[in-house]
Amino acid sequence: MAYDFDLFVIGAGSGGVRAARFAAGFGAKVAVAESRYLGGTCVNVGCVPKKLLVYGAHVADELEQAAGFGWTLEEGHFDWGTLIANKNREIERLNGIYRNLLVNSGVTLLQGHARMTGANEVEVEGQRYTAEHILIATGGWPQIPDIPGKELAITSNEAFYLKELPRRVLVVGGGYIAVEFAGIFQGLGADTTLLYRGDLFLRGFDGSVRTHLKEELEKRGLDLQFNADIQRIDKLEDGSLKATLKDGRELIADCVFYATGRRPMLDNLGLENTGVELDARGYIRVDEQYQTTAPSILAIGDVIGRVQLTPVALAEGMAVARRLFKPEQYRPVDYQNIPTAVFSQPPIGTVGLTEEQALEAGHKVQVFESRFRAMKLTLTDIQEKTLMKLVVDAETDKVLGCHMVGPDAGEIIQGLGVALKAGATKQQFDETIGVHPTAAEEFVTMRTATR
């Protein structure tokens with residue numbers, strides 16, 4: 001049978017665009033359908049604008065530290081509208097780049113909602129197209145618990161377009177998005193409270209990292225309330241919001257921001273017409289080659305619920321393009337030792353196993369930890385401390401995990417990701433000469449195990 005396209009991609013986010021571009025480069029006839037924005041969550045309402053807001057929040061730290069270096073500054077004034085307008089302009093520029101990447105690769109770009117009407121057929125704005133392969137890359141969407149007043153709360157989608165900076169903010173959640181936005185709001189001047197229903201945020205991260213970040217956030221004056229959850233939200237006559245907690249307490253805020261999880265974006269996708277099945281968590285079920293239970297349909301990225309990170313979606317998109325249209329170059333995605341960062345304040349960088357994971361996996365573990373006040377802060381009154389940690393297999397000397405909380409953690413951890421990928425040992429870390437004076441050199445100068 002002759003198809004209109006060799007590959008039809010639903011979703012122009014990071015994974016979908018990567019798969020489409022490279023498939024077209026390998027000679028395939030490719031179409032991409034997108035109903036919202038080019039670049040997906042990451043470019044529009046995720047990592048890129050969030051990092052820009054994080055930069056903005058960090059300026060407050062720089063201003064506070066300036067006096068120690070001899071600078072006398074007039075009282076600064078922050079304007080939320082200017083930051084958001086500049087952010088919007090940058091996102092529009094990136095949208096254009098994504099459009100050019102697709103079009104210049106020979107991909108047919110269809111702007112509209114795509115719905116599958118069969119295992120090899122997609123409908124966009126009333127027009128039907130056939131394809132030998134369909135790739136679902138529709139990503140995820142934030143969700144708010146079903147409580148009274150949920151419509152009064154916002155998520156990360158809306159936070160990037162607030163008309164003004166709220167004076168009082170309640171951030172609800174214990175994942176990295178909640179921690180990052182709490183730091184953004186507080187750093188830009190909002191009175192911020194972080195509520196989490198568990199004992200401690202960032203479940204799944206190394207225990208030392210979680211505890212250290214908690215201590216540093218408390219030093220900064222962030223109101224952390226654990227084992228706390230909202231029962232209902234009400235709007236008061238003055239326009240402010242009242243959050244009634246399950247323990248009966250009431251908190252007043254101008255904004256309630258929920259970061260309590262994301263769901264796969266499957267709305268009106270037509271899965272019922274295809275034989276595609278979902279797993280127990282509600283994500284699309286795929287095999288190791290991203291094949292769904294319908295042989296002609298594949299899925300990648302957040303919609304399959306594996307490692308929900310932009311670089312992982314990019315790698316998955318590349319793997320699909322190669323397997324289908326350039327099989328001699330195909331290699332599976334390696335999900336081990338994926339470096340990642342949390343842009344909290346201070347930020348986290350991590351790669352490899354946590355101490356808890358290493359012990360659970362049966363390793364005999366040596367732990368090397370260092371906590372120190374960064375050199376930059378020695379001329380100031382700021383008492384923030386950096387944490388660096390190595391988790392080492394005591395029998396093989398292999399470094400199993402590297403973890404950091406402190407300035408530039410994300411930048412530093414990238415290089416360590418290469419080391420772990422290459423199987424570096426603690427001895428090789430010790431024999432590497434450090435760059436002095438830097439914080440990063442601490443990773444190669446920790447000689448004595450702390451436990």
# chains A, B, ... in the order shown; residues from 1 in each chain; ligands from 1
>>> residues_around(residues="region 262-268 of chain A", least_positions_apart="5", cutoff="10 Å", atoms="only C-alpha atoms", output="NGL selection string")
:A and (113-116 or 136-144 or 281-284 or 301-305)
>>> residues_around(residues="Leu400 (chain A)", least_positions_apart="4", cutoff="6 Å", atoms="only C-alpha atoms", output="CSV table (one decimal) with N, CA, C and O atoms, in the first residue's frame")
chain,number,residue,atom,x,y,z
A,352,GLY,N,24.1,9.0,38.5
A,352,GLY,CA,24.4,7.7,39.1
A,352,GLY,C,23.5,7.4,40.3
A,352,GLY,O,22.4,8.0,40.5
A,353,LEU,N,23.9,6.4,41.1
A,353,LEU,CA,23.1,5.9,42.1
A,353,LEU,C,23.2,6.7,43.4
A,353,LEU,O,24.2,7.3,43.7
A,391,VAL,N,29.5,8.3,46.0
A,391,VAL,CA,29.1,6.9,46.5
A,391,VAL,C,29.9,5.9,45.7
A,391,VAL,O,29.9,5.9,44.5
A,392,VAL,N,30.7,5.1,46.4
A,392,VAL,CA,31.7,4.3,45.8
A,392,VAL,C,31.5,2.8,46.2
A,392,VAL,O,31.1,2.5,47.4
>>> residues_around(residues="Val286 (chain A)", least_positions_apart="3", cutoff="10 Å", atoms="only C-alpha atoms", output="ChimeraX atom specification")
/A:276-279,283,289-294,297-300,304
>>> select_by_dssp(residues="region 173-360 of chain A", states="strand (DSSP E)", output="PyMOL selection string")
chain A and resi 191-196+223-226+230-235+241-245+250-253+255-258+262-264+297-299+340-342+348-352
>>> residues_around(residues="Ile147 (chain A)", least_positions_apart="2", cutoff="9 Å", atoms="only C-alpha atoms", output="PyMOL selection string")
chain A and resi 144-145+149-150+230-233
>>> write_last_selection(atoms="N, CA, C and O atoms", output="compact mmCIF listing (two decimals), in the first residue's frame")
# COMPACT_ATOMS: atom_id res chain seq x y z
N ILE A 144 -3.98 18.98 38.81
CA ILE A 144 -4.28 19.46 40.16
C ILE A 144 -5.25 18.46 40.79
O ILE A 144 -6.20 18.02 40.13
N PRO A 145 -5.04 18.09 42.05
CA PRO A 145 -5.97 17.16 42.70
C PRO A 145 -7.41 17.68 42.67
O PRO A 145 -7.63 18.90 42.66
N GLY A 149 -12.48 24.11 44.87
CA GLY A 149 -11.70 25.31 44.61
C GLY A 149 -10.47 25.09 43.75
O GLY A 149 -9.65 26.00 43.59
N LYS A 150 -10.33 23.90 43.16
CA LYS A 150 -9.14 23.62 42.35
C LYS A 150 -8.99 24.60 41.19
O LYS A 150 -7.88 24.89 40.75
N ILE A 230 -3.57 20.53 51.31
CA ILE A 230 -4.74 21.40 51.22
C ILE A 230 -6.01 20.58 51.01
O ILE A 230 -6.06 19.68 50.17
N GLN A 231 -7.04 20.93 51.77
CA GLN A 231 -8.33 20.26 51.65
C GLN A 231 -9.26 21.01 50.71
O GLN A 231 -10.00 20.40 49.93
N ARG A 232 -9.21 22.35 50.74
CA ARG A 232 -10.04 23.14 49.86
C ARG A 232 -9.45 24.54 49.72
O ARG A 232 -8.66 24.99 50.55
N ILE A 233 -9.84 25.23 48.63
CA ILE A 233 -9.40 26.60 48.38
C ILE A 233 -10.65 27.46 48.19
O ILE A 233 -11.56 27.09 47.43
>>> residues_around(residues="region 403-414 of chain A", least_positions_apart="3", cutoff="10 Å", atoms="only C-alpha atoms", output="ChimeraX atom specification")
/A:205-206,208-210,212-213,216,338-355,369-374,384-391,417-419,439-441,443
>>> write_last_selection(atoms="C-alpha atoms", output="PDB file, in the first residue's frame")
ATOM      1  CA  PHE A 205      17.030  11.818  45.390  1.00  0.00           C
ATOM      2  CA  ASP A 206      19.975  11.026  47.653  1.00  0.00           C
ATOM      3  CA  SER A 208      22.059  13.724  52.022  1.00  0.00           C
ATOM      4  CA  VAL A 209      20.999  15.966  49.136  1.00  0.00           C
ATOM      5  CA  ARG A 210      17.412  16.200  50.369  1.00  0.00           C
ATOM      6  CA  HIS A 212      21.093  19.524  52.895  1.00  0.00           C
ATOM      7  CA  LEU A 213      18.754  21.407  50.560  1.00  0.00           C
ATOM      8  CA  GLU A 216      19.783  25.698  53.047  1.00  0.00           C
ATOM      9  CA  ILE A 338      21.747  10.028  33.302  1.00  0.00           C
ATOM     10  CA  PRO A 339      23.018  13.338  34.729  1.00  0.00           C
ATOM     11  CA  THR A 340      20.335  15.740  35.859  1.00  0.00           C
ATOM     12  CA  ALA A 341      19.961  19.039  37.682  1.00  0.00           C
ATOM     13  CA  VAL A 342      17.354  20.683  39.858  1.00  0.00           C
ATOM     14  CA  PHE A 343      17.496  24.458  39.552  1.00  0.00           C
ATOM     15  CA  SER A 344      16.587  25.104  43.139  1.00  0.00           C
ATOM     16  CA  GLN A 345      18.418  27.773  45.103  1.00  0.00           C
ATOM     17  CA  PRO A 346      21.023  26.458  45.711  1.00  0.00           C
ATOM     18  CA  PRO A 347      20.857  24.052  42.755  1.00  0.00           C
ATOM     19  CA  ILE A 348      21.338  20.282  42.721  1.00  0.00           C
ATOM     20  CA  GLY A 349      23.409  18.218  40.303  1.00  0.00           C
ATOM     21  CA  THR A 350      23.289  14.437  40.404  1.00  0.00           C
ATOM     22  CA  VAL A 351      24.357  11.419  38.360  1.00  0.00           C
ATOM     23  CA  GLY A 352      24.367   7.704  39.093  1.00  0.00           C
ATOM     24  CA  LEU A 353      23.098   5.853  42.143  1.00  0.00           C
ATOM     25  CA  THR A 354      22.063   7.454  45.398  1.00  0.00           C
ATOM     26  CA  GLU A 355      23.509   5.983  48.575  1.00  0.00           C
ATOM     27  CA  GLU A 369      31.063  13.704  51.733  1.00  0.00           C
ATOM     28  CA  SER A 370      32.230  17.273  51.979  1.00  0.00           C
ATOM     29  CA  ARG A 371      30.371  20.359  53.184  1.00  0.00           C
ATOM     30  CA  PHE A 372      32.041  23.734  52.858  1.00  0.00           C
ATOM     31  CA  ARG A 373      31.378  27.438  52.507  1.00  0.00           C
ATOM     32  CA  ALA A 374      32.139  28.508  48.937  1.00  0.00           C
ATOM     33  CA  GLU A 384      25.321  28.942  52.746  1.00  0.00           C
ATOM     34  CA  LYS A 385      27.225  25.670  52.433  1.00  0.00           C
ATOM     35  CA  THR A 386      27.893  23.465  49.418  1.00  0.00           C
ATOM     36  CA  LEU A 387      27.514  19.684  49.612  1.00  0.00           C
ATOM     37  CA  MET A 388      29.507  17.252  47.484  1.00  0.00           C
ATOM     38  CA  LYS A 389      29.155  13.496  47.750  1.00  0.00           C
ATOM     39  CA  LEU A 390      30.602  10.402  46.107  1.00  0.00           C
ATOM     40  CA  VAL A 391      29.062   6.939  46.462  1.00  0.00           C
ATOM     41  CA  GLY A 417      28.458  12.134  33.967  1.00  0.00           C
ATOM     42  CA  VAL A 418      31.105  11.361  31.353  1.00  0.00           C
ATOM     43  CA  ALA A 419      33.358   9.893  34.047  1.00  0.00           C
ATOM     44  CA  ALA A 439      34.463  24.196  44.034  1.00  0.00           C
ATOM     45  CA  ALA A 440      34.649  21.420  41.426  1.00  0.00           C
ATOM     46  CA  GLU A 441      38.109  20.337  42.585  1.00  0.00           C
ATOM     47  CA  PHE A 443      35.278  16.013  43.803  1.00  0.00           C
TER      48      PHE A 443
END
>>> closest_residue(among="A:Arg167, A:Lys398, A:Lys51, A:Arg306", to="Ile184 (chain A)", atoms="only C-alpha atoms")
A:Lys51
>>> residues_around(residues="Thr155 (chain A)", least_positions_apart="3", cutoff="12 Å", atoms="only C-alpha atoms", output="VMD selection string")
chain A and resid 45 to 46 141 to 145 150 to 152 158 to 162 170 to 173 177 to 178 181 255 to 262
>>> closest_residue(among="A:Lys214, A:Arg168, A:Arg220, A:Arg331", to="Ala319 (chain A)", atoms="only C-alpha atoms")
A:Arg331
>>> residues_around(residues="Asp254 (chain A)", least_positions_apart="2", cutoff="12 Å", atoms="only C-alpha atoms", output="VMD selection string")
chain A and resid 152 to 154 162 164 to 171 190 to 193 233 to 236 238 to 243 251 to 252 256 to 257
>>> select_by_dssp(residues="region 50-186 of chain A", states="alpha helix (DSSP H)", output="ChimeraX atom specification")
/A:50-66,80-104,156-159,176-186
